[in-house]
Amino acid sequence: VNENDQSSWKDTCNFAKNMVKELEKWDKTMRAFAAKELTSLANEWMEDDDENENAEPITEEVFAERISLSSLIFSFEDEFTVYYDDDDMFWGHTVEVYGSIDKGIVSVNIAG
């Protein structure tokens with residue numbers, strides 16, 4: 001929150017409550033977005049892993065099922081970052097989904 005603007009405290013809490021109230025819908029949408037954007041990259045990483053060279057390619061559906069929600073971060077500007085564990089598709093990195101109430105999901109990447 002903006003420590004100098006107490007109204008941002010309430011706004012951020014309300015934003016968080018609304019998102020959590022509809023978390024199942026948001027989660028499904030964020031998983032699908034991440035899968036669409038990162039599945040081909042996950043397959044590239046798998047090809048570089050000698051232990052998985054004969055594994056079946058990862059599909060968008062499998063990708064979306066494998067990631068698991070680990071944390072939600074809300075800002076006072078109605079933006080959010082959602083972190084998913086990658087189930088070692090990216091060798092232990094984190095999948096980060098960014099967005100806002102107004103714009104919806106904006107981007108996804110891997111970090112860590």
# chains A, B, ... in the order shown; residues from 1 in each chain; ligands from 1
>>> select_by_dssp(residues="region 8-111 of chain A", states="strand (DSSP E or B)", output="MDAnalysis selection string")
chainID A and resid 68:74 79:85 94:100 104:111
>>> closest_atom_pairs(of="region 14-44 of chain A", to="region 63-85 of chain A", cutoff="10 Å", atoms="only C-alpha atoms", output="Markdown table")
| residue | atom | partner | partner_atom | distance |
| --- | --- | --- | --- | --- |
| A:Asn14 | CA | A:Asp78 | CA | 9.6 |
| A:Phe15 | CA | A:Asp78 | CA | 6.6 |
| A:Ala16 | CA | A:Phe74 | CA | 6.5 |
| A:Met19 | CA | A:Phe80 | CA | 9.6 |
| A:Val20 | CA | A:Leu72 | CA | 9.3 |
| A:Asp27 | CA | A:Leu69 | CA | 8.0 |
| A:Lys28 | CA | A:Ala64 | CA | 8.3 |
| A:Thr29 | CA | A:Ala64 | CA | 9.7 |
| A:Met30 | CA | A:Val82 | CA | 8.6 |
| A:Arg31 | CA | A:Ala64 | CA | 5.0 |
| A:Ala32 | CA | A:Ala64 | CA | 6.0 |
| A:Phe33 | CA | A:Ala64 | CA | 8.7 |
| A:Ala34 | CA | A:Ala64 | CA | 7.3 |
| A:Ala35 | CA | A:Ala64 | CA | 5.5 |
| A:Lys36 | CA | A:Ala64 | CA | 8.9 |
| A:Leu38 | CA | A:Phe63 | CA | 8.4 |
| A:Thr39 | CA | A:Phe63 | CA | 6.4 |
| A:Ser40 | CA | A:Phe63 | CA | 10.0 |
| A:Ala42 | CA | A:Phe63 | CA | 8.3 |
| A:Asn43 | CA | A:Phe63 | CA | 10.0 |
>>> closest_residue(among="A:Ile101, A:Val108, A:Trp91, A:Glu3", to="Glu51 (chain A)", atoms="only C-alpha atoms")
A:Trp91
>>> select_by_dssp(residues="chain A", states="alpha helix (DSSP H)", output="count of residues only")
48
>>> residues_around(residues="Gly92 (chain A)", least_positions_apart="5", cutoff="10 Å", atoms="only C-alpha atoms", output="MDAnalysis selection string")
chainID A and resid 85:87 110:112
>>> decode(residues="region 12-28 of chain A", atoms="N, CA, C and O atoms", output="PDB file, in the first residue's frame")
ATOM      1  N   THR A  12      -6.866  -1.326  -1.566  1.00  0.00           N
ATOM      2  CA  THR A  12      -6.100  -2.541  -1.814  1.00  0.00           C
ATOM      3  C   THR A  12      -6.760  -3.740  -1.149  1.00  0.00           C
ATOM      4  O   THR A  12      -6.855  -4.816  -1.754  1.00  0.00           O
ATOM      5  N   CYS A  13      -7.243  -3.567   0.068  1.00  0.00           N
ATOM      6  CA  CYS A  13      -7.936  -4.661   0.763  1.00  0.00           C
ATOM      7  C   CYS A  13      -9.202  -5.065   0.021  1.00  0.00           C
ATOM      8  O   CYS A  13      -9.489  -6.255  -0.123  1.00  0.00           O
ATOM      9  N   ASN A  14      -9.965  -4.097  -0.454  1.00  0.00           N
ATOM     10  CA  ASN A  14     -11.183  -4.401  -1.207  1.00  0.00           C
ATOM     11  C   ASN A  14     -10.854  -5.131  -2.509  1.00  0.00           C
ATOM     12  O   ASN A  14     -11.536  -6.074  -2.886  1.00  0.00           O
ATOM     13  N   PHE A  15      -9.807  -4.670  -3.191  1.00  0.00           N
ATOM     14  CA  PHE A  15      -9.358  -5.321  -4.413  1.00  0.00           C
ATOM     15  C   PHE A  15      -8.980  -6.776  -4.124  1.00  0.00           C
ATOM     16  O   PHE A  15      -9.408  -7.696  -4.827  1.00  0.00           O
ATOM     17  N   ALA A  16      -8.208  -6.989  -3.069  1.00  0.00           N
ATOM     18  CA  ALA A  16      -7.784  -8.341  -2.710  1.00  0.00           C
ATOM     19  C   ALA A  16      -8.989  -9.219  -2.358  1.00  0.00           C
ATOM     20  O   ALA A  16      -9.078 -10.361  -2.802  1.00  0.00           O
ATOM     21  N   LYS A  17      -9.921  -8.681  -1.577  1.00  0.00           N
ATOM     22  CA  LYS A  17     -11.113  -9.448  -1.201  1.00  0.00           C
ATOM     23  C   LYS A  17     -11.916  -9.856  -2.428  1.00  0.00           C
ATOM     24  O   LYS A  17     -12.384 -10.992  -2.524  1.00  0.00           O
ATOM     25  N   ASN A  18     -12.078  -8.926  -3.358  1.00  0.00           N
ATOM     26  CA  ASN A  18     -12.849  -9.237  -4.567  1.00  0.00           C
ATOM     27  C   ASN A  18     -12.162 -10.308  -5.411  1.00  0.00           C
ATOM     28  O   ASN A  18     -12.815 -11.198  -5.952  1.00  0.00           O
ATOM     29  N   MET A  19     -10.858 -10.220  -5.531  1.00  0.00           N
ATOM     30  CA  MET A  19     -10.154 -11.226  -6.318  1.00  0.00           C
ATOM     31  C   MET A  19     -10.224 -12.593  -5.641  1.00  0.00           C
ATOM     32  O   MET A  19     -10.465 -13.601  -6.298  1.00  0.00           O
ATOM     33  N   VAL A  20     -10.016 -12.614  -4.328  1.00  0.00           N
ATOM     34  CA  VAL A  20     -10.060 -13.883  -3.606  1.00  0.00           C
ATOM     35  C   VAL A  20     -11.462 -14.485  -3.673  1.00  0.00           C
ATOM     36  O   VAL A  20     -11.621 -15.703  -3.787  1.00  0.00           O
ATOM     37  N   LYS A  21     -12.484 -13.639  -3.635  1.00  0.00           N
ATOM     38  CA  LYS A  21     -13.855 -14.119  -3.721  1.00  0.00           C
ATOM     39  C   LYS A  21     -14.086 -14.859  -5.041  1.00  0.00           C
ATOM     40  O   LYS A  21     -14.823 -15.833  -5.098  1.00  0.00           O
ATOM     41  N   GLU A  22     -13.432 -14.405  -6.093  1.00  0.00           N
ATOM     42  CA  GLU A  22     -13.574 -15.029  -7.412  1.00  0.00           C
ATOM     43  C   GLU A  22     -12.289 -15.749  -7.820  1.00  0.00           C
ATOM     44  O   GLU A  22     -11.976 -15.877  -8.999  1.00  0.00           O
ATOM     45  N   LEU A  23     -11.556 -16.254  -6.837  1.00  0.00           N
ATOM     46  CA  LEU A  23     -10.243 -16.834  -7.103  1.00  0.00           C
ATOM     47  C   LEU A  23     -10.300 -18.038  -8.039  1.00  0.00           C
ATOM     48  O   LEU A  23      -9.419 -18.206  -8.883  1.00  0.00           O
ATOM     49  N   GLU A  24     -11.313 -18.850  -7.917  1.00  0.00           N
ATOM     50  CA  GLU A  24     -11.414 -20.024  -8.793  1.00  0.00           C
ATOM     51  C   GLU A  24     -11.461 -19.597 -10.263  1.00  0.00           C
ATOM     52  O   GLU A  24     -10.765 -20.162 -11.106  1.00  0.00           O
ATOM     53  N   LYS A  25     -12.252 -18.583 -10.565  1.00  0.00           N
ATOM     54  CA  LYS A  25     -12.338 -18.065 -11.938  1.00  0.00           C
ATOM     55  C   LYS A  25     -11.017 -17.442 -12.379  1.00  0.00           C
ATOM     56  O   LYS A  25     -10.512 -17.715 -13.464  1.00  0.00           O
ATOM     57  N   TRP A  26     -10.448 -16.582 -11.521  1.00  0.00           N
ATOM     58  CA  TRP A  26      -9.167 -15.950 -11.831  1.00  0.00           C
ATOM     59  C   TRP A  26      -8.078 -17.002 -12.038  1.00  0.00           C
ATOM     60  O   TRP A  26      -7.279 -16.926 -12.970  1.00  0.00           O
ATOM     61  N   ASP A  27      -8.027 -17.982 -11.140  1.00  0.00           N
ATOM     62  CA  ASP A  27      -6.999 -19.015 -11.213  1.00  0.00           C
ATOM     63  C   ASP A  27      -7.089 -19.785 -12.527  1.00  0.00           C
ATOM     64  O   ASP A  27      -6.079 -20.009 -13.196  1.00  0.00           O
ATOM     65  N   LYS A  28      -8.271 -20.159 -12.907  1.00  0.00           N
ATOM     66  CA  LYS A  28      -8.458 -20.892 -14.163  1.00  0.00           C
ATOM     67  C   LYS A  28      -7.993 -20.049 -15.355  1.00  0.00           C
ATOM     68  O   LYS A  28      -7.303 -20.545 -16.251  1.00  0.00           O
TER      69      LYS A  28
END
